[in-house]
>>> print(open('start.pdb').read())   # PDB, C-alpha atoms (C1' of nucleotides)
ATOM      1  CA  MET A  28     -11.901  20.219 -12.152
ATOM      2  CA  THR A  29      -8.427  19.472 -11.000
ATOM      3  CA  ARG A  30      -6.662  16.600 -12.692
ATOM      4  CA  LYS A  31      -6.379  13.839 -10.109
ATOM      5  CA  ALA A  32      -2.844  13.783  -8.753
ATOM      6  CA  TYR A  33      -1.063  11.359  -6.443
ATOM      7  CA  PRO A  34      -3.024   9.263  -3.960
ATOM      8  CA  THR A  35      -3.565  10.517  -0.451
ATOM      9  CA  ASP A  36      -4.662   7.539   1.606
ATOM     10  CA  VAL A  37      -1.957   6.041   3.732
ATOM     11  CA  PHE A  38      -2.098   2.528   2.276
ATOM     12  CA  SER A  39      -1.608   3.810  -1.253
ATOM     13  CA  ALA A  40       0.921   6.317  -0.001
ATOM     14  CA  ILE A  41       3.256   3.606   1.236
ATOM     15  CA  ALA A  42       2.613   1.356  -1.745
ATOM     16  CA  GLU A  43       4.950   3.474  -3.847
ATOM     17  CA  PRO A  44       8.581   2.408  -3.388
ATOM     18  CA  ARG A  45       9.895   5.928  -3.751
ATOM     19  CA  ARG A  46       7.574   7.199  -1.089
ATOM     20  CA  ARG A  47       8.796   4.504   1.258
ATOM     21  CA  GLU A  48      12.259   5.692   0.329
ATOM     22  CA  VAL A  49      11.333   9.232   1.348
ATOM     23  CA  ILE A  50       9.988   7.900   4.621
ATOM     24  CA  THR A  51      13.238   6.032   5.173
ATOM     25  CA  VAL A  52      15.192   9.230   4.681
ATOM     26  CA  LEU A  53      13.026  10.935   7.300
ATOM     27  CA  SER A  54      13.056   7.984   9.653
ATOM     28  CA  ASP A  55      15.787   9.359  11.884
ATOM     29  CA  GLY A  56      13.246  11.850  13.182
ATOM     30  CA  GLN A  57      15.186  14.847  11.934
ATOM     31  CA  GLU A  58      13.734  17.450   9.618
ATOM     32  CA  TYR A  59      14.903  17.719   6.041
ATOM     33  CA  ALA A  60      14.590  20.319   3.327
ATOM     34  CA  VAL A  61      13.255  19.099   0.002
ATOM     35  CA  ASN A  62      16.668  19.680  -1.447
ATOM     36  CA  GLU A  63      18.334  17.308   0.973
ATOM     37  CA  ILE A  64      15.802  14.617   0.197
ATOM     38  CA  VAL A  65      16.339  15.083  -3.521
ATOM     39  CA  LEU A  66      20.064  14.580  -3.042
ATOM     40  CA  ARG A  67      19.413  11.201  -1.436
ATOM     41  CA  MET A  68      17.145  10.013  -4.228
ATOM     42  CA  LYS A  69      17.307   9.327  -7.938
ATOM     43  CA  ILE A  70      14.373  11.420  -9.085
ATOM     44  CA  ALA A  71      14.112  15.134  -9.810
ATOM     45  CA  GLN A  72      12.851  17.779  -7.423
ATOM     46  CA  PRO A  73       9.311  18.086  -8.803
ATOM     47  CA  ALA A  74       8.749  14.365  -8.392
ATOM     48  CA  VAL A  75      10.006  14.507  -4.816
ATOM     49  CA  SER A  76       7.780  17.484  -4.086
ATOM     50  CA  LYS A  77       4.801  15.580  -5.429
ATOM     51  CA  HIS A  78       5.562  12.537  -3.332
ATOM     52  CA  LEU A  79       5.983  14.752  -0.293
ATOM     53  CA  GLY A  80       2.626  16.308  -1.071
ATOM     54  CA  ALA A  81       1.001  12.895  -1.164
ATOM     55  CA  LEU A  82       2.651  11.880   2.086
ATOM     56  CA  ARG A  83       1.572  15.113   3.686
ATOM     57  CA  LYS A  84      -2.037  14.665   2.653
ATOM     58  CA  ALA A  85      -1.858  11.109   3.929
ATOM     59  CA  GLY A  86      -0.716  12.510   7.268
ATOM     60  CA  VAL A  87       2.634  10.765   7.172
ATOM     61  CA  VAL A  88       4.807  13.877   7.080
ATOM     62  CA  THR A  89       4.485  17.451   8.270
ATOM     63  CA  VAL A  90       5.985  20.640   6.865
ATOM     64  CA  VAL A  91       7.088  23.905   8.345
ATOM     65  CA  LYS A  92       8.383  26.871   6.420
ATOM     66  CA  ARG A  93      11.789  28.012   7.509
ATOM     67  CA  GLY A  94      13.168  30.837   5.441
ATOM     68  CA  GLN A  95      13.151  29.760   1.868
ATOM     69  CA  HIS A  96      13.125  26.114   2.867
ATOM     70  CA  ARG A  97      10.259  23.777   3.613
ATOM     71  CA  MET A  98      11.332  21.464   6.327
ATOM     72  CA  TYR A  99       9.701  18.047   6.220
ATOM     73  CA  ARG A 100       9.493  15.764   9.171
ATOM     74  CA  LEU A 101       8.114  12.277   9.591
ATOM     75  CA  ASN A 102       4.801  12.002  11.405
ATOM     76  CA  ALA A 103       5.036   8.341  12.260
ATOM     77  CA  ALA A 104       1.592   8.351  13.851
ATOM     78  CA  GLY A 105       0.212   8.668  10.351
ATOM     79  CA  LEU A 106       1.398   5.110   9.753
ATOM     80  CA  LYS A 107      -0.551   3.776  12.703
ATOM     81  CA  PRO A 108      -3.595   2.757  10.626
ATOM     82  CA  VAL A 109      -1.363   0.456   8.606
ATOM     83  CA  HIS A 110       0.260  -0.904  11.710
ATOM     84  CA  ASP A 111      -3.073  -1.484  13.392
ATOM     85  CA  TRP A 112      -4.431  -3.213  10.325
ATOM     86  CA  VAL A 113      -1.506  -5.563   9.827
ATOM     87  CA  LYS A 114      -0.904  -6.214  13.517
ATOM     88  CA  VAL A 115      -4.093  -8.252  13.593
ATOM     89  CA  PHE A 116      -2.313 -10.916  11.548
ATOM     90  CA  GLU A 117       0.861 -10.926  13.596
ATOM     91  CA  ARG A 118      -0.293 -13.843  15.686
ATOM     92  CA  TYR A 119      -0.445 -16.112  12.666
ATOM     93  CA  TRP A 120       3.273 -16.168  11.984
ATOM     94  CA  MET A 121       4.123 -15.621  15.648
ATOM     95  CA  HIS A 122       2.166 -18.736  16.370
ATOM     96  CA  GLN A 123       3.999 -20.566  13.629
ATOM     97  CA  VAL A 124       7.356 -19.550  15.065
ATOM     98  CA  ASP A 125       6.128 -20.738  18.444
ATOM     99  CA  GLN A 126       5.207 -24.067  16.960
ATOM    100  CA  ILE A 127       8.608 -24.391  15.329
ATOM    101  CA  LYS A 128      10.259 -23.438  18.589
ATOM    102  CA  GLN A 129       8.121 -25.889  20.524
ATOM    103  CA  ARG A 130       8.920 -28.672  18.105
ATOM    104  CA  ALA A 131      12.611 -27.931  18.407
ATOM    105  CA  GLU A 132      12.365 -28.001  22.196
ATOM    106  CA  ARG A 133      10.374 -31.202  22.159
ATOM    107  CA  LYS A 134      12.964 -32.806  19.909
ATOM    108  CA  ALA A 135      15.772 -31.602  22.150
ATOM    109  CA  LEU A 136      13.957 -33.052  25.142
ATOM    110  CA  GLU A 137      13.484 -36.336  23.344
ATOM    111  CA  ARG A 138      17.198 -36.435  22.607
ATOM    112  CA  MET A 139      17.986 -35.847  26.261
ATOM    113  CA  ILE A 140      15.648 -38.599  27.323
ATOM    114  CA  ARG A 141      17.215 -40.965  24.857
ATOM    115  CA  LEU A 142      20.657 -40.074  26.175
ATOM    116  CA  ASP A 143      19.425 -40.781  29.700
ATOM    117  CA  GLU A 144      18.199 -44.119  28.525
ATOM    118  CA  GLY A 145      21.457 -44.972  26.839
ATOM    119  CA  PRO A 146      22.329 -45.787  23.210
ATOM    120  CA  ASN A 147      19.573 -48.346  22.840
ATOM    121  CA  PRO A 148      16.287 -46.468  23.023
ATOM    122  CA  LYS A 149      13.215 -48.365  24.019
ATOM    123  CA  GLU A 150      10.691 -48.825  21.277
ATOM    124  CA  GLU A 151       6.941 -48.754  21.748
TER     125      GLU A 151
ATOM    126  CA  MET B  19       3.316  -8.545 -24.754
ATOM    127  CA  THR B  20       0.750  -9.188 -22.063
ATOM    128  CA  ARG B  21      -1.271  -6.223 -20.971
ATOM    129  CA  LYS B  22      -0.102  -5.499 -17.431
ATOM    130  CA  ALA B  23      -2.719  -6.755 -14.992
ATOM    131  CA  TYR B  24      -3.107  -6.276 -11.256
ATOM    132  CA  PRO B  25      -0.087  -5.580  -9.074
ATOM    133  CA  THR B  26       1.660  -8.422  -7.303
ATOM    134  CA  ASP B  27       3.841  -6.869  -4.639
ATOM    135  CA  VAL B  28       2.418  -7.044  -1.168
ATOM    136  CA  PHE B  29       2.389  -3.308  -0.478
ATOM    137  CA  SER B  30       0.375  -2.604  -3.604
ATOM    138  CA  ALA B  31      -1.729  -5.683  -2.959
ATOM    139  CA  ILE B  32      -3.020  -4.317   0.330
ATOM    140  CA  ALA B  33      -3.344  -0.774  -0.992
ATOM    141  CA  GLU B  34      -6.559  -1.757  -2.768
ATOM    142  CA  PRO B  35      -9.566  -1.506  -0.419
ATOM    143  CA  ARG B  36     -11.334  -4.449  -2.015
ATOM    144  CA  ARG B  37      -8.314  -6.645  -1.604
ATOM    145  CA  ARG B  38      -8.153  -5.742   2.056
ATOM    146  CA  GLU B  39     -11.821  -6.656   2.116
ATOM    147  CA  VAL B  40     -11.006 -10.070   0.662
ATOM    148  CA  ILE B  41      -8.322 -10.514   3.293
ATOM    149  CA  THR B  42     -10.844  -9.607   5.963
ATOM    150  CA  VAL B  43     -13.187 -12.273   4.689
ATOM    151  CA  LEU B  44     -10.387 -14.823   4.913
ATOM    152  CA  SER B  45      -9.128 -13.567   8.250
ATOM    153  CA  ASP B  46     -10.890 -16.240  10.274
ATOM    154  CA  GLY B  47      -8.363 -18.712   8.938
ATOM    155  CA  GLN B  48     -10.968 -20.817   7.204
ATOM    156  CA  GLU B  49     -10.889 -21.596   3.515
ATOM    157  CA  TYR B  50     -13.416 -20.100   1.130
ATOM    158  CA  ALA B  51     -14.509 -20.825  -2.391
ATOM    159  CA  VAL B  52     -14.457 -17.894  -4.781
ATOM    160  CA  ASN B  53     -18.213 -18.029  -4.825
ATOM    161  CA  GLU B  54     -18.481 -17.496  -1.098
ATOM    162  CA  ILE B  55     -16.181 -14.518  -1.259
ATOM    163  CA  VAL B  56     -18.199 -13.025  -4.100
ATOM    164  CA  LEU B  57     -21.333 -13.298  -1.988
ATOM    165  CA  ARG B  58     -19.701 -11.202   0.720
ATOM    166  CA  MET B  59     -18.604  -8.452  -1.651
ATOM    167  CA  LYS B  60     -20.112  -5.920  -4.016
ATOM    168  CA  ILE B  61     -18.158  -6.770  -7.137
ATOM    169  CA  ALA B  62     -18.664  -9.501  -9.719
ATOM    170  CA  GLN B  63     -16.884 -12.838  -9.814
ATOM    171  CA  PRO B  64     -14.255 -11.949 -12.441
ATOM    172  CA  ALA B  65     -13.139  -8.960 -10.385
ATOM    173  CA  VAL B  66     -12.887 -11.119  -7.276
ATOM    174  CA  SER B  67     -10.909 -13.745  -9.169
ATOM    175  CA  LYS B  68      -8.528 -11.088 -10.357
ATOM    176  CA  HIS B  69      -8.018  -9.709  -6.875
ATOM    177  CA  LEU B  70      -7.448 -13.223  -5.588
ATOM    178  CA  GLY B  71      -4.898 -13.720  -8.328
ATOM    179  CA  ALA B  72      -3.048 -10.601  -7.251
ATOM    180  CA  LEU B  73      -3.129 -11.660  -3.613
ATOM    181  CA  ARG B  74      -1.888 -15.098  -4.527
ATOM    182  CA  LYS B  75       1.033 -13.742  -6.514
ATOM    183  CA  ALA B  76       1.802 -11.439  -3.627
ATOM    184  CA  GLY B  77       1.911 -14.502  -1.393
ATOM    185  CA  VAL B  78      -0.961 -13.373   0.795
ATOM    186  CA  VAL B  79      -3.335 -16.202  -0.048
ATOM    187  CA  THR B  80      -3.010 -19.809  -1.161
ATOM    188  CA  VAL B  81      -5.304 -21.927  -3.304
ATOM    189  CA  VAL B  82      -6.106 -25.582  -3.457
ATOM    190  CA  LYS B  83      -8.416 -27.232  -5.949
ATOM    191  CA  ARG B  84     -11.212 -29.155  -4.390
ATOM    192  CA  GLY B  85     -13.652 -30.596  -6.894
ATOM    193  CA  GLN B  86     -14.875 -27.809  -9.064
ATOM    194  CA  HIS B  87     -14.029 -25.262  -6.392
ATOM    195  CA  ARG B  88     -10.856 -23.370  -5.710
ATOM    196  CA  MET B  89     -10.506 -22.974  -2.013
ATOM    197  CA  TYR B  90      -8.645 -19.857  -0.952
ATOM    198  CA  ARG B  91      -7.002 -19.455   2.384
ATOM    199  CA  LEU B  92      -5.161 -16.576   3.979
ATOM    200  CA  ASN B  93      -1.401 -16.903   4.184
ATOM    201  CA  ALA B  94      -0.834 -14.288   6.847
ATOM    202  CA  ALA B  95       2.926 -14.727   6.677
ATOM    203  CA  GLY B  96       2.765 -12.981   3.323
ATOM    204  CA  LEU B  97       1.873  -9.818   5.204
ATOM    205  CA  LYS B  98       4.977  -9.998   7.341
ATOM    206  CA  PRO B  99       7.046  -7.691   5.109
ATOM    207  CA  VAL B 100       4.482  -4.954   5.664
ATOM    208  CA  HIS B 101       4.415  -5.623   9.360
ATOM    209  CA  ASP B 102       8.189  -5.602   9.600
ATOM    210  CA  TRP B 103       8.402  -2.388   7.657
ATOM    211  CA  VAL B 104       5.829  -0.485   9.664
ATOM    212  CA  LYS B 105       6.834  -1.930  13.016
ATOM    213  CA  VAL B 106      10.007   0.125  12.892
ATOM    214  CA  PHE B 107       7.891   3.220  13.420
ATOM    215  CA  GLU B 108       5.829   1.825  16.260
ATOM    216  CA  ARG B 109       8.075   3.330  18.883
ATOM    217  CA  TYR B 110       7.296   6.836  17.716
ATOM    218  CA  TRP B 111       3.665   6.838  18.729
ATOM    219  CA  MET B 112       4.259   4.388  21.580
ATOM    220  CA  HIS B 113       6.775   6.837  22.915
ATOM    221  CA  GLN B 114       4.325   9.672  22.471
ATOM    222  CA  VAL B 115       1.678   7.822  24.449
ATOM    223  CA  ASP B 116       4.269   7.217  27.127
ATOM    224  CA  GLN B 117       5.078  10.900  27.233
ATOM    225  CA  ILE B 118       1.435  11.828  27.547
ATOM    226  CA  LYS B 119       1.006   9.286  30.295
ATOM    227  CA  GLN B 120       4.097  10.514  32.075
ATOM    228  CA  ARG B 121       2.946  14.111  31.858
ATOM    229  CA  ALA B 122      -0.431  13.162  33.267
ATOM    230  CA  GLU B 123       1.241  11.350  36.128
ATOM    231  CA  ARG B 124       3.588  14.235  36.830
ATOM    232  CA  LYS B 125       0.636  16.635  36.927
ATOM    233  CA  ALA B 126      -1.295  14.353  39.236
ATOM    234  CA  LEU B 127       1.719  14.185  41.508
ATOM    235  CA  GLU B 128       2.030  17.967  41.489
ATOM    236  CA  ARG B 129      -1.615  18.283  42.484
ATOM    237  CA  MET B 130      -1.081  15.914  45.376
ATOM    238  CA  ILE B 131       1.920  17.896  46.553
ATOM    239  CA  ARG B 132      -0.056  21.117  46.370
ATOM    240  CA  LEU B 133      -2.868  19.567  48.379
ATOM    241  CA  ASP B 134      -0.325  18.566  51.006
ATOM    242  CA  GLU B 135       0.891  22.140  51.141
ATOM    243  CA  GLY B 136      -2.606  23.564  51.475
ATOM    244  CA  PRO B 137      -4.649  25.957  49.351
ATOM    245  CA  ASN B 138      -1.871  28.538  49.072
ATOM    246  CA  PRO B 139       0.849  26.985  47.004
ATOM    247  CA  LYS B 140       4.331  28.306  47.403
ATOM    248  CA  GLU B 141       5.653  30.169  44.410
ATOM    249  CA  GLU B 142       9.222  30.092  43.234
TER     250      GLU B 142
ATOM    251  C1'  DT C  30     -21.777 -36.987 -24.277
ATOM    252  C1'  DC C  31     -24.257 -32.881 -22.685
ATOM    253  C1'  DA C  32     -25.692 -29.383 -19.575
ATOM    254  C1'  DA C  33     -24.723 -27.015 -15.445
ATOM    255  C1'  DT C  34     -21.640 -25.003 -12.350
ATOM    256  C1'  DA C  35     -17.326 -22.754 -10.731
ATOM    257  C1'  DT C  36     -13.673 -20.183 -11.905
ATOM    258  C1'  DA C  37     -10.084 -18.033 -14.827
ATOM    259  C1'  DT C  38      -8.836 -15.327 -18.695
ATOM    260  C1'  DT C  39      -9.096 -12.070 -22.346
ATOM    261  C1'  DC C  40     -10.497  -7.815 -24.158
ATOM    262  C1'  DC C  41     -11.857  -3.420 -23.511
ATOM    263  C1'  DG C  42     -12.585   1.441 -21.936
ATOM    264  C1'  DA C  43     -12.273   4.659 -18.211
ATOM    265  C1'  DT C  44      -9.501   6.366 -14.616
ATOM    266  C1'  DT C  45      -5.363   6.814 -11.894
ATOM    267  C1'  DT C  46      -0.761   7.475 -11.396
ATOM    268  C1'  DA C  47       4.360   8.542 -12.067
ATOM    269  C1'  DG C  48       7.632  11.586 -13.668
ATOM    270  C1'  DG C  49       9.678  14.942 -16.956
ATOM    271  C1'  DA C  50       9.517  19.722 -18.692
ATOM    272  C1'  DA C  51       8.149  24.120 -18.145
ATOM    273  C1'  DT C  52       6.602  27.558 -15.325
ATOM    274  C1'  DG C  53       4.861  29.958 -11.145
ATOM    275  C1'  DT C  54       5.685  31.687  -6.354
ATOM    276  C1'  DG C  55       7.970  33.145  -2.384
ATOM    277  C1'  DT C  56      12.276  34.397   0.055
ATOM    278  C1'  DC C  57      16.757  36.085   0.548
ATOM    279  C1'  DA C  58      20.859  38.845  -0.370
ATOM    280  C1'  DA C  59      23.130  42.384  -2.748
TER     281       DA C  59
ATOM    282  C1'  DT D  16      14.814  46.170  -7.401
ATOM    283  C1'  DT D  17      17.019  42.303  -9.244
ATOM    284  C1'  DG D  18      18.896  37.875  -9.474
ATOM    285  C1'  DA D  19      19.476  33.498  -7.374
ATOM    286  C1'  DC D  20      17.557  29.922  -4.838
ATOM    287  C1'  DA D  21      14.066  26.595  -3.054
ATOM    288  C1'  DC D  22      10.060  24.703  -3.862
ATOM    289  C1'  DA D  23       5.278  23.980  -5.741
ATOM    290  C1'  DT D  24       2.256  23.600  -9.543
ATOM    291  C1'  DT D  25       0.672  22.829 -14.129
ATOM    292  C1'  DC D  26       0.727  20.372 -18.334
ATOM    293  C1'  DC D  27       1.641  16.442 -20.734
ATOM    294  C1'  DT D  28       2.448  11.527 -21.974
ATOM    295  C1'  DA D  29       3.118   6.807 -21.008
ATOM    296  C1'  DA D  30       2.006   3.277 -18.288
ATOM    297  C1'  DA D  31      -0.608   0.972 -14.605
ATOM    298  C1'  DT D  32      -4.871  -0.368 -12.764
ATOM    299  C1'  DC D  33      -9.745  -1.478 -12.138
ATOM    300  C1'  DG D  34     -13.999  -3.547 -13.382
ATOM    301  C1'  DG D  35     -17.498  -5.068 -16.674
ATOM    302  C1'  DA D  36     -18.613  -8.067 -20.614
ATOM    303  C1'  DA D  37     -17.688 -11.862 -23.085
ATOM    304  C1'  DT D  38     -15.457 -16.044 -23.432
ATOM    305  C1'  DA D  39     -12.564 -20.044 -22.218
ATOM    306  C1'  DT D  40     -11.597 -24.018 -19.205
ATOM    307  C1'  DA D  41     -12.375 -27.543 -15.984
ATOM    308  C1'  DT D  42     -15.294 -30.474 -13.188
ATOM    309  C1'  DT D  43     -19.433 -32.823 -12.062
ATOM    310  C1'  DG D  44     -23.749 -35.133 -12.675
ATOM    311  C1'  DA D  45     -27.317 -36.881 -15.662
TER     312       DA D  45
END
>>> encode(input="start.pdb", output="structure tokens")
Amino acid sequence: MTRKAYPTDVFSAIAEPRRREVITVLSDGQEYAVNEIVLRMKIAQPAVSKHLGALRKAGVVTVVKRGQHRMYRLNAAGLKPVHDWVKVFERYWMHQVDQIKQRAERKALERMIRLDEGPNPKEE
Amino acid sequence: MTRKAYPTDVFSAIAEPRRREVITVLSDGQEYAVNEIVLRMKIAQPAVSKHLGALRKAGVVTVVKRGQHRMYRLNAAGLKPVHDWVKVFERYWMHQVDQIKQRAERKALERMIRLDEGPNPKEE
DNA sequence: TCAATATATTCCGATTTAGGAATGTGTCAA
DNA sequence: TTGACACATTCCTAAATCGGAATATATTGA
């Protein structure tokens, strides 16, 4: 049986910093030969090829053969499962920002009211 | 030196299916004792404790002691780095959906025009 | 204090994973 | 056909990771 290689599910795929680095290189939407990616990274070609293989199996990149080159391109849709999963929690910190914003506005309003009432604010 | 335990960065933290499961349990915003989480999962208490430890170090959950219980609560803000990272790619598939929608609308419009012109469409 | 309960920690083995080195494969150009 | 590229694959080792078992620690109640 084949020795288990790099992971192929998208969550594990993006867990590896170097694979996120590869994705960053591809994030302009252009296609890149393996060579060009290697030049932009600090690991050797076989390692890059293996990471690209993992990303491909995870559905995050696509390849086409062009001459002696393999052109890799980002398939951003492959990241959608991660986005969908994490988006569920967006409202938690959004809400918090809202609360902060609201508090700031309330404070500003209170200041304005105090100014309207002059330098000696009423106490209750 | 200490035997390296579970990972503590947020990307690796959520790469583990069982840790995402823990997060799902906590996703109602309520606090849960370790016990209660164990009941909802298929792994033993020590494994759950270890996953909770990883999530805590990753900043995804918080703990407070209450009596002999440790109450865990989701800290959704800890997931923000993942959200921020993946959000950058949102536009790719959003755009694609837009394109599909636009094509559908263009086709529908073409059909309407053809209907206006009768069953024998002009050719160009 | 002692037993029970809740949880963390340590120790361990099995498995996964990353990357280097070596090698295989396909394509091009002369 | 041959050599030079571009890239993938295989083999290997070290390290990371997971989960079970056993054990440690803390809290509570009797």
>>> interface_residues(input="start.pdb", of="chain A", to="chain C", cutoff="9 Å", atoms="all atoms listed in the file", output="PyMOL selection string")
chain A and resi 31-34+70-71+73-74+94-96
>>> closest_residue(input="start.pdb", among="A:Ile64, A:Val124, A:Leu106, A:Leu79", to="chain B", atoms="only C-alpha atoms")
A:Leu106
>>> calpha_fit_and_write(input="start.pdb", fixed="chain A", moving="chain B", output="tab-separated table (two decimals) with C-alpha atoms, keeping the file's coordinate frame")
chain	number	residue	atom	x	y	z
B	19	MET	CA	-12.08	19.03	-13.12
B	20	THR	CA	-8.59	18.57	-11.75
B	21	ARG	CA	-6.60	15.75	-13.22
B	22	LYS	CA	-6.30	13.20	-10.43
B	23	ALA	CA	-2.81	13.40	-8.96
B	24	TYR	CA	-0.99	11.16	-6.50
B	25	PRO	CA	-2.92	9.07	-3.99
B	26	THR	CA	-3.51	10.38	-0.50
B	27	ASP	CA	-4.57	7.43	1.60
B	28	VAL	CA	-1.85	6.02	3.78
B	29	PHE	CA	-1.91	2.49	2.39
B	30	SER	CA	-1.41	3.72	-1.15
B	31	ALA	CA	1.06	6.31	0.08
B	32	ILE	CA	3.44	3.66	1.39
B	33	ALA	CA	2.85	1.34	-1.56
B	34	GLU	CA	5.15	3.49	-3.69
B	35	PRO	CA	8.81	2.50	-3.21
B	36	ARG	CA	10.06	6.05	-3.63
B	37	ARG	CA	7.69	7.32	-1.00
B	38	ARG	CA	8.94	4.69	1.40
B	39	GLU	CA	12.39	5.92	0.46
B	40	VAL	CA	11.39	9.46	1.41
B	41	ILE	CA	10.06	8.17	4.71
B	42	THR	CA	13.35	6.39	5.29
B	43	VAL	CA	15.22	9.61	4.75
B	44	LEU	CA	13.02	11.31	7.33
B	45	SER	CA	13.10	8.40	9.74
B	46	ASP	CA	15.78	9.90	11.95
B	47	GLY	CA	13.19	12.35	13.19
B	48	GLN	CA	15.06	15.36	11.91
B	49	GLU	CA	13.57	17.87	9.52
B	50	TYR	CA	14.75	18.12	5.93
B	51	ALA	CA	14.39	20.65	3.18
B	52	VAL	CA	13.08	19.34	-0.12
B	53	ASN	CA	16.49	19.97	-1.57
B	54	GLU	CA	18.20	17.68	0.90
B	55	ILE	CA	15.75	14.92	0.17
B	56	VAL	CA	16.29	15.33	-3.56
B	57	LEU	CA	20.02	14.92	-3.05
B	58	ARG	CA	19.43	11.55	-1.40
B	59	MET	CA	17.20	10.25	-4.18
B	60	LYS	CA	17.37	9.47	-7.88
B	61	ILE	CA	14.41	11.51	-9.06
B	62	ALA	CA	14.09	15.20	-9.84
B	63	GLN	CA	12.76	17.87	-7.50
B	64	PRO	CA	9.22	18.08	-8.92
B	65	ALA	CA	8.74	14.34	-8.43
B	66	VAL	CA	9.98	14.60	-4.86
B	67	SER	CA	7.68	17.53	-4.18
B	68	LYS	CA	4.77	15.54	-5.50
B	69	HIS	CA	5.58	12.55	-3.35
B	70	LEU	CA	5.93	14.83	-0.35
B	71	GLY	CA	2.55	16.29	-1.18
B	72	ALA	CA	1.00	12.84	-1.21
B	73	LEU	CA	2.65	11.93	2.07
B	74	ARG	CA	1.49	15.16	3.62
B	75	LYS	CA	-2.10	14.61	2.57
B	76	ALA	CA	-1.86	11.10	3.90
B	77	GLY	CA	-0.75	12.58	7.21
B	78	VAL	CA	2.64	10.89	7.17
B	79	VAL	CA	4.73	14.05	7.03
B	80	THR	CA	4.33	17.65	8.15
B	81	VAL	CA	5.76	20.84	6.69
B	82	VAL	CA	6.78	24.14	8.11
B	83	LYS	CA	8.03	27.11	6.14
B	84	ARG	CA	11.39	28.34	7.20
B	85	GLY	CA	12.74	31.15	5.06
B	86	GLN	CA	12.70	30.02	1.50
B	87	HIS	CA	12.76	26.39	2.58
B	88	ARG	CA	9.97	24.01	3.39
B	89	MET	CA	11.11	21.77	6.15
B	90	TYR	CA	9.55	18.33	6.10
B	91	ARG	CA	9.37	16.09	9.10
B	92	LEU	CA	8.06	12.59	9.58
B	93	ASN	CA	4.76	12.27	11.39
B	94	ALA	CA	5.06	8.62	12.31
B	95	ALA	CA	1.62	8.58	13.89
B	96	GLY	CA	0.24	8.80	10.38
B	97	LEU	CA	1.50	5.27	9.85
B	98	LYS	CA	-0.44	3.94	12.80
B	99	PRO	CA	-3.45	2.81	10.74
B	100	VAL	CA	-1.16	0.53	8.75
B	101	HIS	CA	0.47	-0.74	11.89
B	102	ASP	CA	-2.87	-1.38	13.56
B	103	TRP	CA	-4.16	-3.18	10.52
B	104	VAL	CA	-1.20	-5.47	10.06
B	105	LYS	CA	-0.61	-6.05	13.76
B	106	VAL	CA	-3.74	-8.17	13.87
B	107	PHE	CA	-1.91	-10.80	11.86
B	108	GLU	CA	1.25	-10.76	13.92
B	109	ARG	CA	0.13	-13.66	16.05
B	110	TYR	CA	0.02	-15.97	13.06
B	111	TRP	CA	3.73	-16.00	12.40
B	112	MET	CA	4.59	-15.41	16.06
B	113	HIS	CA	2.60	-18.51	16.82
B	114	GLN	CA	4.37	-20.38	14.07
B	115	VAL	CA	7.76	-19.45	15.48
B	116	ASP	CA	6.55	-20.62	18.86
B	117	GLN	CA	5.50	-23.92	17.38
B	118	ILE	CA	8.85	-24.39	15.71
B	119	LYS	CA	10.60	-23.54	18.93
B	120	GLN	CA	8.39	-25.89	20.89
B	121	ARG	CA	9.00	-28.71	18.43
B	122	ALA	CA	12.73	-28.16	18.66
B	123	GLU	CA	12.55	-28.27	22.43
B	124	ARG	CA	10.42	-31.40	22.42
B	125	LYS	CA	12.91	-33.10	20.10
B	126	ALA	CA	15.82	-32.06	22.27
B	127	LEU	CA	14.02	-33.45	25.28
B	128	GLU	CA	13.36	-36.72	23.46
B	129	ARG	CA	17.04	-37.01	22.62
B	130	MET	CA	17.96	-36.50	26.25
B	131	ILE	CA	15.52	-39.19	27.32
B	132	ARG	CA	16.93	-41.59	24.76
B	133	LEU	CA	20.45	-40.90	25.97
B	134	ASP	CA	19.30	-41.70	29.50
B	135	GLU	CA	17.90	-44.98	28.26
B	136	GLY	CA	21.07	-45.90	26.40
B	137	PRO	CA	21.84	-46.61	22.75
B	138	ASN	CA	18.95	-49.04	22.32
B	139	PRO	CA	15.79	-47.04	22.61
B	140	LYS	CA	12.66	-48.83	23.62
B	141	GLU	CA	10.06	-49.09	20.90
B	142	GLU	CA	6.35	-48.91	21.46
>>> resolve_selection(input="start.pdb", expression="the PyMOL selection byres ((chain D) within 10 of (chain A))", output="CSV table (one decimal) with C-alpha atoms (C1' of nucleotides), in the frame of the given file")
chain,number,residue,atom,x,y,z
D,20,DC,C1',17.6,29.9,-4.8
D,21,DA,C1',14.1,26.6,-3.1
D,22,DC,C1',10.1,24.7,-3.9
D,23,DA,C1',5.3,24.0,-5.7
D,24,DT,C1',2.3,23.6,-9.5
D,25,DT,C1',0.7,22.8,-14.1
>>> closest_atom_pairs(input="start.pdb", of="chain A", to="chain B", cutoff="6 Å", atoms="only C-alpha atoms", output="Markdown table")
| residue | atom | partner | partner_atom | distance |
| --- | --- | --- | --- | --- |
| A:Phe38 | CA | B:Ala33 | CA | 4.8 |
| A:Ser39 | CA | B:Ala33 | CA | 4.9 |
| A:Ala42 | CA | B:Phe29 | CA | 4.8 |
| A:Ala103 | CA | B:Phe107 | CA | 6.0 |
| A:Ala104 | CA | B:Trp111 | CA | 5.5 |
| A:His110 | CA | B:Val104 | CA | 5.9 |
| A:Val113 | CA | B:His101 | CA | 5.9 |
| A:Phe116 | CA | B:Ala94 | CA | 6.0 |
| A:Trp120 | CA | B:Ala95 | CA | 5.5 |
